[in-house]
Amino acid sequence: REVAMLRTSKKKLIGLMMLALCSSLLVSCRRAVTTTTEVVAVNAATVPTVPNDASWDNAPEHVGKLLLQDLVEPRQMKATTAEVRVRAITNGNEMAFRLEWADATKSDKPMPAQFLDGCAVQVPVKLEANLPAPQMGEPGKPVEITFWRADWQATLDGRPDSIKELHPNAAIDHYPFEADSLPKNSAAQQEMATRYAPAQAVGNRRVGPRNVPVEDMLAEGPGSLSPAAASSKGKGVKTADGWSVVIVRKVPNGLTTGARTQTAFAIWEGGQNEVGARKMRTGWVPLLMKGQAQ
């Protein structure tokens, strides 16, 4: 009996030691995340396009403290999202940013009196010491902005962008372009559908079917947004405690290995009624384009 008790005690001791070792390893893994005071874009053969790509583990993390947008109307006077965690990877031609932030709610449906989750990356158009104002640039000193929105991501992930999907209790007789007399996907049906989508017909890029969940824009100060040539792409995933979004854009103009420019970020939390200028944002953050990841 004593021998059996000794064996049982020995097994318990070994189990406790293994548990302690596993806990220690977990803590070590958490501590292994390198944080920086600037955004460091490490080099890789290809840039990741999804948030869970393993190559993100090679990039250090910058924790950007978010500020109230209290300079122009509509102002954000209540602090909501506290910070955004940013990693960056480049292949010399493109640069991928991964933005992660806490958000308890998922706001991805364009509904009346409700707003949408989103984020943006901003860089100066020119690589120069005299920076534009971080609040969307200034006249004569433009900035490039790539904006991601949660509803665009939802439609690309397969959710139909229709009244029937967004308002399941709505009663609809039918639309003329859905008539049985029009062959599905025919030129005649497409022409009829365009009549009932006037914004899409005149080239409004914020409506209708999308190929990417992001939009490229230029700005020379608040209220001056204009479309830019579409070249960026992105992917956002709702996590247990917030969002993880990848934005892939071209390398900022003039930026080479070992050089720095500046970047800034913005977060919109739809559940906090944030929209347009009403957002949380950073000031300028140094952006270093580094060589090979270690």
# chains A, B, ... in the order shown; residues from 1 in each chain; ligands from 1
$ closest_atom_pairs --of "stretch 107-206 of chain A" --to "stretch 214-231 of chain A" --cutoff "9 Å" --atoms "only C-alpha atoms" --output "Markdown table"
| residue | atom | partner | partner_atom | distance |
| --- | --- | --- | --- | --- |
| A:Ala120 | CA | A:Val214 | CA | 9.0 |
| A:Val125 | CA | A:Leu218 | CA | 8.6 |
| A:Pro132 | CA | A:Glu220 | CA | 8.5 |
| A:Ala133 | CA | A:Gly221 | CA | 7.7 |
| A:Pro134 | CA | A:Gly221 | CA | 8.9 |
| A:Gln135 | CA | A:Gly221 | CA | 6.7 |
| A:Met136 | CA | A:Gly221 | CA | 4.8 |
| A:Gly137 | CA | A:Gly221 | CA | 4.6 |
| A:Glu138 | CA | A:Gly221 | CA | 4.2 |
| A:Pro139 | CA | A:Glu220 | CA | 4.9 |
| A:Gly140 | CA | A:Glu220 | CA | 6.7 |
| A:Lys141 | CA | A:Glu220 | CA | 6.1 |
| A:Pro142 | CA | A:Glu220 | CA | 4.5 |
| A:Val143 | CA | A:Ala219 | CA | 5.5 |
| A:Glu144 | CA | A:Leu218 | CA | 4.8 |
| A:Ile145 | CA | A:Met217 | CA | 5.1 |
| A:Thr146 | CA | A:Asp216 | CA | 4.6 |
| A:Phe147 | CA | A:Glu215 | CA | 5.2 |
| A:Trp148 | CA | A:Val214 | CA | 4.3 |
| A:Arg149 | CA | A:Val214 | CA | 6.7 |
| A:Trp152 | CA | A:Val214 | CA | 7.6 |
| A:Gln153 | CA | A:Val214 | CA | 8.4 |
| A:Arg205 | CA | A:Glu215 | CA | 8.3 |
| A:Arg206 | CA | A:Glu215 | CA | 8.4 |
$ write_last_selection --atoms "C-alpha atoms" --output "short mmCIF file (atom, residue, chain, number, x, y, z; two decimals), in the first residue's frame"
data_model
loop_
_atom_site.label_atom_id
_atom_site.label_comp_id
_atom_site.auth_asym_id
_atom_site.auth_seq_id
_atom_site.Cartn_x
_atom_site.Cartn_y
_atom_site.Cartn_z
CA ALA A 120 -7.72 53.13 -42.33
CA VAL A 125 2.12 61.33 -50.79
CA PRO A 132 1.44 67.24 -43.85
CA ALA A 133 -0.94 67.65 -40.94
CA PRO A 134 -1.75 64.17 -39.56
CA GLN A 135 -5.46 65.00 -39.70
CA MET A 136 -5.87 63.96 -43.37
CA GLY A 137 -3.17 66.26 -44.75
CA GLU A 138 -3.52 69.91 -45.76
CA PRO A 139 -3.86 71.99 -48.97
CA GLY A 140 -0.85 71.38 -51.18
CA LYS A 141 0.38 68.52 -48.97
CA PRO A 142 -1.79 65.52 -49.76
CA VAL A 143 -1.96 62.12 -48.09
CA GLU A 144 -2.93 58.67 -49.36
CA ILE A 145 -5.59 56.77 -47.41
CA THR A 146 -6.66 53.14 -47.71
CA PHE A 147 -9.98 52.51 -45.97
CA TRP A 148 -11.48 49.14 -44.99
CA ARG A 149 -15.15 48.69 -44.03
CA TRP A 152 -17.79 45.45 -47.73
CA GLN A 153 -15.97 42.52 -46.16
CA ARG A 205 -17.65 53.21 -55.86
CA ARG A 206 -19.29 52.77 -52.47
#
$ residues_around --residues "A:Thr261" --least-positions-apart "6" --cutoff "12 Å" --atoms "only C-alpha atoms" --output "list in words"
Glu38, Val39, Val40, Ala41, Gln122, Val123, Pro124, Val125, Lys126, Leu127, Glu128, Ala129, Asn130, Leu131, Pro132, Val251, Pro252, Asn253, Gly254, Leu255, Trp284, Val285, Pro286, Leu287, Leu288, Met289 and Lys290 of chain A
$ residues_around --residues "A:Met111" --least-positions-apart "5" --cutoff "10 Å" --atoms "only C-alpha atoms" --output "list in words"
Leu116, Leu166 and His167 of chain A
$ write_last_selection --atoms "N, CA and C atoms" --output "JSON list (two decimals), in the first residue's frame"
[["chain", "number", "residue", "atom", "x", "y", "z"],
["A", 116, "LEU", "N", -20.96, 51.59, -39.06],
["A", 116, "LEU", "CA", -20.17, 50.42, -39.45],
["A", 116, "LEU", "C", -18.77, 50.47, -38.86],
["A", 166, "LEU", "N", -30.76, 41.91, -45.66],
["A", 166, "LEU", "CA", -30.55, 42.88, -44.59],
["A", 166, "LEU", "C", -31.82, 43.14, -43.79],
["A", 167, "HIS", "N", -32.98, 42.98, -44.45],
["A", 167, "HIS", "CA", -34.26, 43.23, -43.78],
["A", 167, "HIS", "C", -35.17, 42.02, -44.03]]
$ select_by_dssp --residues "stretch 100-242 of chain A" --states "helix (DSSP H, G or I)" --output "list of chain:residue names"
A:Ala150, A:Asp151, A:Trp152, A:Gln153, A:Ala154, A:Thr155, A:Leu156, A:Ile163, A:Lys164, A:Glu165, A:Leu166, A:Pro176, A:Phe177, A:Glu178, A:Ala187, A:Ala188, A:Gln189, A:Gln190, A:Glu191, A:Met192, A:Ala193, A:Thr194, A:Arg195, A:Pro198, A:Ala199, A:Gln200, A:Ala201
$ select_by_dssp --residues "stretch 33-275 of chain A" --states "strand (DSSP E or B)" --output "PyMOL selection string"
chain A and resi 35-36+39-43+61-65+67-68+83-90+94-102+118-124+138+141+143-149+214-219+226-227+233-238+242-250+260-268+275
$ atom_distance --atom1 "atom CA of A:Ile163" --atom2 "atom CA of A:Glu269"
23.5 Å
$ residues_around --residues "stretch 51-55 of chain A" --least-positions-apart "5" --cutoff "9 Å" --atoms "only C-alpha atoms" --output "PDB file with N, CA, C and O atoms, in the first residue's frame"
ATOM      1  N   ALA A  44       9.931  40.233 -46.585  1.00  0.00           N
ATOM      2  CA  ALA A  44       9.567  38.843 -46.845  1.00  0.00           C
ATOM      3  C   ALA A  44       9.417  38.670 -48.352  1.00  0.00           C
ATOM      4  O   ALA A  44       9.223  39.644 -49.085  1.00  0.00           O
ATOM      5  N   ILE A  89       4.665  44.126 -43.046  1.00  0.00           N
ATOM      6  CA  ILE A  89       5.574  43.279 -43.818  1.00  0.00           C
ATOM      7  C   ILE A  89       5.608  43.808 -45.245  1.00  0.00           C
ATOM      8  O   ILE A  89       4.579  44.221 -45.794  1.00  0.00           O
ATOM      9  N   ARG A  98      -1.155  44.870 -40.672  1.00  0.00           N
ATOM     10  CA  ARG A  98      -2.209  44.175 -39.927  1.00  0.00           C
ATOM     11  C   ARG A  98      -2.593  45.030 -38.738  1.00  0.00           C
ATOM     12  O   ARG A  98      -1.774  45.322 -37.875  1.00  0.00           O
ATOM     13  N   LEU A  99      -3.850  45.448 -38.708  1.00  0.00           N
ATOM     14  CA  LEU A  99      -4.384  46.263 -37.627  1.00  0.00           C
ATOM     15  C   LEU A  99      -5.298  45.394 -36.773  1.00  0.00           C
ATOM     16  O   LEU A  99      -6.190  44.713 -37.308  1.00  0.00           O
ATOM     17  N   LYS A 235      -8.357  42.191 -46.088  1.00  0.00           N
ATOM     18  CA  LYS A 235      -9.142  41.089 -45.528  1.00  0.00           C
ATOM     19  C   LYS A 235      -9.310  41.349 -44.044  1.00  0.00           C
ATOM     20  O   LYS A 235      -8.341  41.543 -43.315  1.00  0.00           O
ATOM     21  N   GLY A 236     -10.552  41.340 -43.570  1.00  0.00           N
ATOM     22  CA  GLY A 236     -10.838  41.542 -42.154  1.00  0.00           C
ATOM     23  C   GLY A 236     -11.551  40.339 -41.571  1.00  0.00           C
ATOM     24  O   GLY A 236     -12.396  39.725 -42.230  1.00  0.00           O
ATOM     25  N   VAL A 237     -11.209  40.011 -40.329  1.00  0.00           N
ATOM     26  CA  VAL A 237     -11.816  38.879 -39.635  1.00  0.00           C
ATOM     27  C   VAL A 237     -12.219  39.332 -38.239  1.00  0.00           C
ATOM     28  O   VAL A 237     -11.414  39.942 -37.523  1.00  0.00           O
ATOM     29  N   SER A 244      -9.344  41.864 -36.649  1.00  0.00           N
ATOM     30  CA  SER A 244      -7.998  41.713 -37.185  1.00  0.00           C
ATOM     31  C   SER A 244      -8.107  41.948 -38.688  1.00  0.00           C
ATOM     32  O   SER A 244      -8.766  41.181 -39.395  1.00  0.00           O
ATOM     33  N   VAL A 245      -7.477  43.021 -39.169  1.00  0.00           N
ATOM     34  CA  VAL A 245      -7.651  43.450 -40.562  1.00  0.00           C
ATOM     35  C   VAL A 245      -6.287  43.614 -41.223  1.00  0.00           C
ATOM     36  O   VAL A 245      -5.399  44.254 -40.669  1.00  0.00           O
ATOM     37  N   VAL A 246      -6.149  43.043 -42.409  1.00  0.00           N
ATOM     38  CA  VAL A 246      -4.948  43.219 -43.220  1.00  0.00           C
ATOM     39  C   VAL A 246      -5.274  44.171 -44.364  1.00  0.00           C
ATOM     40  O   VAL A 246      -6.262  43.974 -45.088  1.00  0.00           O
TER      41      VAL A 246
END
$ atom_distance --atom1 "atom CA of A:Asn204" --atom2 "atom CA of A:Lys109"
18.8 Å
$ closest_residue --among "A:Ala187, A:Ala197, A:Leu68, A:Cys119" --to "A:Ser162" --atoms "only C-alpha atoms"
A:Ala197
